[in-house]
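Asks: Pasting a structure below so you can have a look.
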Amino acid sequence: GENVEQHPSTLSVQEGDSAVIKCTYSDSASNYFPWYKQELGKGPQLIIDIRSNVGEKKDQRIAVTLNKTAKHFSLHITETQPEDSAVYFCAAYNNAGNMLTFGGGTRLMVKP
Amino acid sequence: DTAVSQTPKYLVTQMGNDKSIKCEQNLGHDTMYWYKQDSKKFLKIMFSYNNKELIINETVPNRFSPKSPDKAHLNLHINSLELGDSAVYFCASSPRRGGRGYTFGSGTRLTVV
């Protein structure tokens with residue numbers, strides 16, 4: 001089955017700095033890669049996603065890049081704000097299993 | 001209007017008891033899931049249920065059983081609760097296939113004492 005690894009497990013940045021979270025996946029058949037943000041006491045919420053036929057996608061301060069050959073994808077957050085503090089999960093999906101496999105999560109702390 | 005709703009939000013119970021968590025989605029999705037999130041925040045799939053087809057994760061003890069009365073509901077029954085079952089359980093739903101539109105509920109924090 002699919003295996004998704006996520007690094008780092010914790011990340012502390014100063015407000016205004018950039019944050020980068022990286023993931024690798026094992027199944028070359030995976031074709032959809034969402035990122036979720038989980039705030040305290042809430043369920044994961046989709047923040048951005050990318051399909052395997054696209055290399056990069058941007059939405060305001062967040063962007064995701066995908067290297068399908070290397071089976072890497074990354075989340076980039078620029079100009080971080082305290083409200084960006086949360087746990088972030090990457091995930092990989094393939095049609096065979098019809099389910100998302102999640103990375104282990106990254107706790108991002110943005111210090112004011 | 002909440003898209004995926006779970007009840008209860010908190011559940012504290014003694015070892016050995018049997019309990020249920022309910023989940024309902026109003027998104028018209030075909031597939032529903034249960035995930036377990038442990039104390040280290042790791043999200044692990046337990047079950048997926050699609051049009052009466054149940055896909056069981058073989059690492060889940062058979063004390064856990066999902067029940068789906070219809071496409072919009074997927075409940076989780078847990079028998080003979082153990083201390084190690086303490087976790088946050090998330091229900092999720094998604095459209096037929098494709099991954100996009102995967103939506104999570106707000107979670108049920110189960111504490112077994």
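Residue numbering restarts at 1 for every chain of the structure tokens, chains are lettered A, B, ... in their displayed order, and ligands are numbered from 1 as they appear.
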Give me, as a VMD selection string, all polymer residues having an atom no more than 10 Å from Glu83 in chain A, counting only C-alpha atoms and skipping those fewer than 2 positions away in the same chain.

Replies: chain A and resid 15 39 80 to 81 85 to 86 109 to 112

Asks: Please produce an output containing C-alpha atoms for each residue in the selection, written as a PDB file, in the first residue's frame.

Replies:
ATOM      1  CA  GLU A  15       6.008  35.797  12.045  1.00  0.00           C
ATOM      2  CA  GLU A  39      -6.600  23.558  14.285  1.00  0.00           C
ATOM      3  CA  THR A  80       3.485  33.465   8.031  1.00  0.00           C
ATOM      4  CA  GLN A  81       1.019  34.800  10.568  1.00  0.00           C
ATOM      5  CA  SER A  85      -0.171  27.936  13.695  1.00  0.00           C
ATOM      6  CA  ALA A  86      -1.725  24.459  13.423  1.00  0.00           C
ATOM      7  CA  MET A 109       4.213  27.343  15.405  1.00  0.00           C
ATOM      8  CA  VAL A 110       4.407  30.954  14.248  1.00  0.00           C
ATOM      9  CA  LYS A 111       5.858  33.205  16.915  1.00  0.00           C
ATOM     10  CA  PRO A 112       4.639  36.820  16.947  1.00  0.00           C
TER      11      PRO A 112
END

Asks: As a ChimeraX atom specification, which residues of range 22-96 of chain B does DSSP assign to strand (DSSP E or B)?

Replies: /B:22-25,31-37,43-50,53-56,64-70,73-78,87-94

Asks: One number please: CA of Tyr35 in chain B to CA of Phe90 in chain B, in Å, one decimal.

Replies: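 These two atoms are separated by 5.0 Å.
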
Asks: Quick one: contact table of chain A to chain B, 9 Å max, nearest atom pair and distance in Å to one decimal per residue, counting only C-alpha atoms, chain and number order, as a Markdown table?

Replies:
| residue | atom | partner | partner_atom | distance |
| --- | --- | --- | --- | --- |
| A:Asn31 | CA | B:Gly98 | CA | 8.6 |
| A:Tyr32 | CA | B:Gly99 | CA | 6.7 |
| A:Phe33 | CA | B:Gly99 | CA | 8.5 |
| A:Pro34 | CA | B:Arg100 | CA | 8.1 |
| A:Gly41 | CA | B:Ser106 | CA | 7.4 |
| A:Lys42 | CA | B:Ser106 | CA | 4.8 |
| A:Gly43 | CA | B:Ser106 | CA | 4.3 |
| A:Pro44 | CA | B:Phe104 | CA | 6.2 |
| A:Gln45 | CA | B:Phe104 | CA | 7.1 |
| A:Leu46 | CA | B:Thr103 | CA | 7.8 |
| A:Asp49 | CA | B:Arg100 | CA | 8.3 |
| A:Val87 | CA | B:Lys41 | CA | 8.3 |
| A:Phe89 | CA | B:Leu43 | CA | 8.9 |
| A:Ala92 | CA | B:Gly99 | CA | 8.7 |
| A:Tyr93 | CA | B:Gly99 | CA | 6.0 |
| A:Asn94 | CA | B:Gly98 | CA | 7.6 |
| A:Asn95 | CA | B:Gly98 | CA | 6.4 |
| A:Asn98 | CA | B:Arg97 | CA | 6.1 |
| A:Met99 | CA | B:Gly99 | CA | 6.9 |
| A:Leu100 | CA | B:Gly99 | CA | 6.9 |
| A:Thr101 | CA | B:Ile45 | CA | 7.6 |
| A:Phe102 | CA | B:Leu43 | CA | 6.4 |
| A:Gly103 | CA | B:Phe42 | CA | 7.6 |
| A:Gly104 | CA | B:Phe42 | CA | 5.1 |
| A:Gly105 | CA | B:Phe42 | CA | 6.7 |

Asks: I need the residue nearest Thr59 in chain B from this list: B:Gln25, B:Asn79, B:Asp18, B:Lys36. Use only C-alpha atoms for the distance.

Replies: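 Among B:Gln25, B:Asn79, B:Asp18, B:Lys36, it is B:Lys36 that comes nearest to Thr59 in chain B.
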